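For reference, final_24.pdb (PDB, C-alpha atoms):
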ATOM      1  CA  MET A   1     -46.571  50.729 102.727
ATOM      2  CA  GLU A   2     -44.669  47.913 101.095
ATOM      3  CA  ILE A   3     -40.992  47.662 100.222
ATOM      4  CA  SER A   4     -40.384  48.165  96.496
ATOM      5  CA  LYS A   5     -38.717  45.548  94.282
ATOM      6  CA  ALA A   6     -35.797  47.945  93.939
ATOM      7  CA  GLY A   7     -35.673  48.096  97.750
ATOM      8  CA  ILE A   8     -35.750  44.305  98.030
ATOM      9  CA  VAL A   9     -32.765  44.033  95.677
ATOM     10  CA  GLU A  10     -30.911  46.943  97.282
ATOM     11  CA  LEU A  11     -31.220  45.467 100.765
ATOM     12  CA  ALA A  12     -30.078  42.070  99.456
ATOM     13  CA  SER A  13     -27.026  43.735  97.884
ATOM     14  CA  TYR A  14     -26.026  44.978 101.354
ATOM     15  CA  GLU A  15     -26.209  41.412 102.680
ATOM     16  CA  CYS A  16     -24.907  39.123  99.879
ATOM     17  CA  LEU A  17     -26.298  35.691  99.026
ATOM     18  CA  CYS A  18     -24.751  32.455 100.317
ATOM     19  CA  LEU A  19     -26.216  29.072  99.460
ATOM     20  CA  THR A  20     -24.830  27.338 102.560
ATOM     21  CA  PRO A  21     -24.990  28.551 106.173
ATOM     22  CA  TYR A  22     -22.291  31.028 107.149
ATOM     23  CA  LEU A  23     -21.095  33.167 110.043
ATOM     24  CA  ASP A  24     -21.795  36.870 109.636
ATOM     25  CA  SER A  25     -19.337  39.552 110.768
ATOM     26  CA  GLY A  26     -20.612  39.199 114.339
ATOM     27  CA  GLY A  27     -20.232  35.420 114.359
ATOM     28  CA  VAL A  28     -23.975  34.725 114.027
ATOM     29  CA  LYS A  29     -25.062  31.671 112.041
ATOM     30  CA  THR A  30     -26.824  32.989 108.954
ATOM     31  CA  ALA A  31     -28.201  31.553 105.710
ATOM     32  CA  GLY A  32     -29.279  32.770 102.304
ATOM     33  CA  ILE A  33     -29.594  36.562 102.277
ATOM     34  CA  GLY A  34     -28.916  37.529 105.872
ATOM     35  CA  SER A  35     -31.501  35.211 107.432
ATOM     36  CA  THR A  36     -30.756  34.360 111.075
ATOM     37  CA  LYS A  37     -32.535  32.308 113.747
ATOM     38  CA  SER A  38     -35.098  35.108 114.086
ATOM     39  CA  ASP A  39     -36.080  34.297 110.474
ATOM     40  CA  ILE A  40     -35.382  30.538 110.372
ATOM     41  CA  LYS A  41     -36.432  28.931 113.659
ATOM     42  CA  ASP A  42     -34.450  25.704 113.181
ATOM     43  CA  LEU A  43     -31.321  27.328 111.717
ATOM     44  CA  SER A  44     -29.196  26.134 114.640
ATOM     45  CA  MET A  45     -30.008  22.559 113.593
ATOM     46  CA  TRP A  46     -28.909  23.094 109.992
ATOM     47  CA  SER A  47     -25.733  21.335 108.922
ATOM     48  CA  TRP A  48     -22.978  23.651 107.700
ATOM     49  CA  SER A  49     -23.093  21.708 104.431
ATOM     50  CA  LYS A  50     -26.840  22.220 103.866
ATOM     51  CA  GLU A  51     -27.309  23.715 100.417
ATOM     52  CA  LEU A  52     -30.077  26.021  99.278
ATOM     53  CA  THR A  53     -31.008  26.862  95.739
ATOM     54  CA  ILE A  54     -31.002  30.520  94.808
ATOM     55  CA  LYS A  55     -34.798  30.403  94.665
ATOM     56  CA  GLU A  56     -35.030  28.862  98.171
ATOM     57  CA  ALA A  57     -32.693  31.533  99.572
ATOM     58  CA  VAL A  58     -34.681  34.314  97.902
ATOM     59  CA  ASP A  59     -37.970  32.852  99.166
ATOM     60  CA  LEU A  60     -36.619  32.691 102.746
ATOM     61  CA  TYR A  61     -35.485  36.295 102.424
ATOM     62  CA  THR A  62     -38.698  37.690 100.931
ATOM     63  CA  ASN A  63     -40.828  35.823 103.479
ATOM     64  CA  SER A  64     -38.757  37.121 106.382
ATOM     65  CA  LEU A  65     -38.903  40.661 104.992
ATOM     66  CA  LYS A  66     -42.641  40.739 105.725
ATOM     67  CA  LYS A  67     -42.120  41.057 109.483
ATOM     68  CA  TYR A  68     -39.635  43.899 109.047
ATOM     69  CA  VAL A  69     -41.978  45.744 106.680
ATOM     70  CA  ALA A  70     -44.739  45.284 109.269
ATOM     71  CA  ALA A  71     -42.448  46.588 112.040
ATOM     72  CA  VAL A  72     -41.607  49.710 110.050
ATOM     73  CA  ASN A  73     -45.294  50.302 109.346
ATOM     74  CA  ARG A  74     -46.084  49.825 113.065
ATOM     75  CA  GLY A  75     -43.380  52.249 114.061
ATOM     76  CA  LEU A  76     -44.220  55.004 111.625
ATOM     77  CA  THR A  77     -46.669  57.636 112.767
ATOM     78  CA  LYS A  78     -46.120  59.660 109.600
ATOM     79  CA  LEU A  79     -48.773  58.836 107.035
ATOM     80  CA  SER A  80     -46.770  59.705 103.951
ATOM     81  CA  LEU A  81     -43.181  58.756 103.244
ATOM     82  CA  GLU A  82     -41.291  58.583  99.951
ATOM     83  CA  GLN A  83     -40.605  55.027  98.731
ATOM     84  CA  ASN A  84     -36.817  55.352  98.950
ATOM     85  CA  LYS A  85     -37.098  56.447 102.592
ATOM     86  CA  PHE A  86     -39.410  53.574 103.456
ATOM     87  CA  ASP A  87     -37.063  51.108 101.718
ATOM     88  CA  THR A  88     -34.152  52.511 103.748
ATOM     89  CA  LEU A  89     -36.033  52.080 107.018
ATOM     90  CA  VAL A  90     -36.858  48.458 106.140
ATOM     91  CA  SER A  91     -33.167  47.838 105.410
ATOM     92  CA  LEU A  92     -32.180  49.336 108.756
ATOM     93  CA  CYS A  93     -34.837  47.296 110.584
ATOM     94  CA  TYR A  94     -33.742  44.082 108.813
ATOM     95  CA  ASN A  95     -30.170  44.676 109.937
ATOM     96  CA  ILE A  96     -30.667  45.879 113.529
ATOM     97  CA  GLY A  97     -33.836  43.938 114.352
ATOM     98  CA  GLU A  98     -37.364  45.001 115.155
ATOM     99  CA  ALA A  99     -36.677  46.050 118.757
ATOM    100  CA  GLY A 100     -33.588  48.040 117.805
ATOM    101  CA  PHE A 101     -35.446  49.786 115.019
ATOM    102  CA  LEU A 102     -38.595  50.538 117.006
ATOM    103  CA  GLY A 103     -36.505  52.108 119.768
ATOM    104  CA  SER A 104     -34.148  53.946 117.431
ATOM    105  CA  THR A 105     -33.493  57.639 117.287
ATOM    106  CA  ALA A 106     -33.737  57.387 113.496
ATOM    107  CA  LEU A 107     -37.390  56.319 113.728
ATOM    108  CA  LYS A 108     -38.080  58.979 116.344
ATOM    109  CA  TYR A 109     -36.588  61.621 114.053
ATOM    110  CA  VAL A 110     -38.671  60.455 111.080
ATOM    111  CA  ASN A 111     -41.838  60.545 113.177
ATOM    112  CA  THR A 112     -41.138  63.997 114.590
ATOM    113  CA  GLY A 113     -40.349  65.500 111.184
ATOM    114  CA  ARG A 114     -36.663  66.119 111.791
ATOM    115  CA  SER A 115     -34.526  66.911 108.751
ATOM    116  CA  ASP A 116     -33.151  64.223 106.458
ATOM    117  CA  LYS A 117     -29.663  65.225 107.676
ATOM    118  CA  ASP A 118     -30.694  64.435 111.264
ATOM    119  CA  VAL A 119     -32.219  61.102 110.245
ATOM    120  CA  VAL A 120     -29.113  59.980 108.350
ATOM    121  CA  LYS A 121     -26.866  61.016 111.270
ATOM    122  CA  ALA A 122     -28.964  58.756 113.482
ATOM    123  CA  ILE A 123     -28.800  55.898 110.936
ATOM    124  CA  LYS A 124     -24.998  56.186 110.723
ATOM    125  CA  LYS A 125     -24.688  55.585 114.459
ATOM    126  CA  TRP A 126     -25.634  51.914 113.889
ATOM    127  CA  ASN A 127     -22.080  51.002 112.863
ATOM    128  CA  MET A 128     -21.093  48.508 115.551
ATOM    129  CA  ASP A 129     -21.302  44.759 115.980
ATOM    130  CA  ASN A 130     -20.523  43.198 119.358
ATOM    131  CA  GLY A 131     -19.366  46.614 120.622
ATOM    132  CA  LYS A 132     -16.858  47.191 117.823
ATOM    133  CA  VAL A 133     -17.087  49.560 114.860
ATOM    134  CA  VAL A 134     -17.261  47.483 111.674
ATOM    135  CA  GLN A 135     -16.197  48.919 108.313
ATOM    136  CA  GLY A 136     -18.825  46.848 106.514
ATOM    137  CA  LEU A 137     -21.536  48.499 108.619
ATOM    138  CA  ILE A 138     -20.082  51.940 107.967
ATOM    139  CA  ASN A 139     -20.245  51.168 104.236
ATOM    140  CA  ARG A 140     -23.794  49.819 104.482
ATOM    141  CA  ARG A 141     -25.008  52.826 106.468
ATOM    142  CA  GLN A 142     -23.529  55.176 103.870
ATOM    143  CA  LYS A 143     -25.428  53.356 101.102
ATOM    144  CA  GLU A 144     -28.623  53.439 103.191
ATOM    145  CA  CYS A 145     -28.135  57.165 103.778
ATOM    146  CA  ASP A 146     -27.583  57.773 100.058
ATOM    147  CA  LEU A 147     -30.821  55.912  99.430
ATOM    148  CA  TYR A 148     -32.680  57.810 102.155
ATOM    149  CA  GLU A 149     -31.485  61.294 101.189
ATOM    150  CA  ASN A 150     -31.009  60.999  97.447
ATOM    151  CA  GLY A 151     -33.026  57.992  96.285
ATOM    152  CA  ILE A 152     -29.882  56.235  95.028
ATOM    153  CA  TYR A 153     -30.473  52.511  94.506
ATOM    154  CA  ALA A 154     -26.808  51.638  93.913
ATOM    155  CA  SER A 155     -27.021  47.868  93.342
ATOM    156  CA  GLY A 156     -27.979  48.070  89.676
ATOM    157  CA  GLY A 157     -30.250  45.103  90.385
ATOM    158  CA  MET A 158     -27.283  42.880  91.146
ATOM    159  CA  VAL A 159     -26.419  40.889  94.279
ATOM    160  CA  ASP A 160     -23.189  39.076  95.127
ATOM    161  CA  LEU A 161     -23.507  35.275  95.190
ATOM    162  CA  VAL A 162     -20.681  34.332  97.541
ATOM    163  CA  PRO A 163     -19.244  30.916  98.416
ATOM    164  CA  VAL A 164     -18.609  29.965 102.039
ATOM    165  CA  HIS A 165     -15.328  28.600 103.383
ATOM    166  CA  PRO A 166     -15.966  24.951 104.413
ATOM    167  CA  VAL A 167     -13.947  25.205 107.645
ATOM    168  CA  THR A 168     -14.314  28.789 108.928
ATOM    169  CA  HIS A 169     -17.890  29.140 107.601
ATOM    170  CA  LYS A 170     -17.133  32.707 106.558
ATOM    171  CA  PRO A 171     -18.115  34.139 103.179
ATOM    172  CA  ILE A 172     -15.305  34.303 100.621
ATOM    173  CA  TYR A 173     -16.199  37.649  99.087
ATOM    174  CA  LYS A 174     -13.308  37.693  96.611
ATOM    175  CA  ASP A 175     -14.700  34.543  94.958
ATOM    176  CA  GLY A 176     -18.239  35.884  94.549
ATOM    177  CA  ARG A 177     -20.085  36.586  91.338
ATOM    178  CA  LYS A 178     -22.994  38.893  90.583
ATOM    179  CA  ILE A 179     -26.501  37.657  89.871
ATOM    180  CA  LYS A 180     -29.588  39.565  88.811
ATOM    181  CA  LEU A 181     -31.889  39.101  91.786
ATOM    182  CA  LEU A 182     -34.986  40.326  89.936
ATOM    183  CA  ASP A 183     -34.861  37.095  87.927
ATOM    184  CA  TYR A 184     -35.746  35.250  91.132
ATOM    185  CA  LEU A 185     -38.463  37.558  92.536
TER     186      LEU A 185
END
Whole structure given in structure tokens:
Amino acid sequence: MEISKAGIVELASYECLCLTPYLDSGGVKTAGIGSTKSDIKDLSMWSWSKELTIKEAVDLYTNSLKKYVAAVNRGLTKLSLEQNKFDTLVSLCYNIGEAGFLGSTALKYVNTGRSDKDVVKAIKKWNMDNGKVVQGLINRRQKECDLYENGIYASGGMVDLVPVHPVTHKPIYKDGRKIKLLDYL
């Protein structure tokens, strides 16, 4: 299967879009739409002032998505899965990494035909970063679970374009604005 365009936008809305490198909630250097060193090999060499265009950030993101889509397809033993459920699993894999996803209880539950309620309980357990529960991850997991169980793509096609503080390198969410990501796909 492939991730849908709605899934691509939804996942991006969970991440946000920054045009300069930034530190994510776990302190990991990140660029564009959640791209880390596993997606951009030379990211550690990037200057904090390096600027991407929206199109460059979207291209980095969509190219890196391919490996997460492939990982979900590798992990699934079920032949048929609704699009919203596949999109959710790609989002989870993108956020927790291929190894985390492939070893997850959520994937095991999908493959063994457990109920949607069991799958979303397993998804919600991925709410920590560096050993601490993070409200942003709780919020993201709830949106992923709404997508998985109910097919709710909540982004409305919009993604936050967020500036980055020049000293702390953290996103300044309050100063963000919405963009229509589909215009760049």
- request: Would you please work out which residue, of A:Gly151, A:Pro163, A:Gly100, A:Gly26, is nearest to Glu10 (chain A) when using all atoms listed in the file?
  value: A:Gly151
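Taking all atoms listed in the file into account, Met158 (chain A) lies nearest to A:Glu15 out of the set A:Asp87, A:Glu144, A:Glu15, A:Glu98.
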Quick one: residues within 12 Å of Val167 (chain A), all atoms listed in the file counted, chain neighbours fewer than 3 positions away excluded, as a CSV table (one decimal) with C-alpha atoms, in the frame of the given file?
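Once written, result-v1.csv looks like this:
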chain,number,residue,atom,x,y,z
A,21,PRO,CA,-25.0,28.6,106.2
A,22,TYR,CA,-22.3,31.0,107.1
A,23,LEU,CA,-21.1,33.2,110.0
A,48,TRP,CA,-23.0,23.7,107.7
A,49,SER,CA,-23.1,21.7,104.4
A,164,VAL,CA,-18.6,30.0,102.0
A,170,LYS,CA,-17.1,32.7,106.6
A,171,PRO,CA,-18.1,34.1,103.2
A,172,ILE,CA,-15.3,34.3,100.6
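Minimum atom-to-atom distance to Lys55 (chain A), evaluated using all atoms listed in the file, belongs to A:Leu17 out of A:Ala122, A:Leu107, A:Leu17, A:Leu43.
Using all atoms listed in the file, the nearest neighbour of Arg177 (chain A) within the list A:Leu76, A:Leu161, A:Ile54, A:Cys18 is A:Leu161.
Near Thr53 (chain A), within 12 Å and counting all atoms listed in the file, sit Leu17, Cys18, Leu19, Thr20, Ala31, Gly32, Ile33, Ala57, Val58, Asp59, Leu60, Leu161 and Tyr184 of chain A, not including residues fewer than 4 positions from it in the same chain.
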message: Given the point (-38.8, 60.2, 106.4) in the coordinates of this file, which residues lie within 10 Å, counting all atoms listed in the file, and how would they look as a ChimeraX atom specification?
response: /A:76,78,80-86,88-89,106-107,109-116,119-120,148-149
message: List the spatial neighbours of Gln142 (chain A) as a VMD selection string - criterion: any atom at most 12 Å away, all atoms listed in the file, same-chain residues fewer than 6 positions off excluded.
response: chain A and resid 14 88 92 120 to 127 135 to 136 148 to 150 152 to 154
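With only C-alpha atoms as the basis for measurement, A:Leu182 is the residue among A:Met45, A:Leu182, A:Leu102, A:Met128 that approaches Ala12 (chain A) most closely.
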query: So what does the PyMOL selection byres ((chain A and resi 5) around 10) actually pick up in this one, as a list in words?
result: Glu2, Ile3, Ser4, Ala6, Gly7, Ile8, Val9, Glu10, Leu11, Asp87, Gly157, Leu181, Leu182 and Leu185 of chain A
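A straight line drawn from CA of Tyr68 (chain A) to CA of Gly97 (chain A) is 7.9 Å long.
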- line: Judged by all atoms listed in the file, the minimum distance to Lys41 (chain A) among A:Cys16, A:Cys145, A:Gly27, A:Ser64 is found for A:Ser64
query: So how far away is CA of Tyr61 (chain A) from CA of Thr30 (chain A), in Å?
result: 11.3 Å
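The two atoms in question, CA of Lys108 (chain A) and CA of Thr36 (chain A), are spaced 26.2 Å apart.
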Show me, as lines of an AutoDock Vina configuration file, the centre and edge lengths in Å to one decimal of the axis-aligned box that covers every listed atom of region 34-46 of chain A with 4 Å on each side.
center_x = -32.7
center_y = 30.0
center_z = 110.3
size_x = 15.5
size_y = 23.0
size_z = 16.8
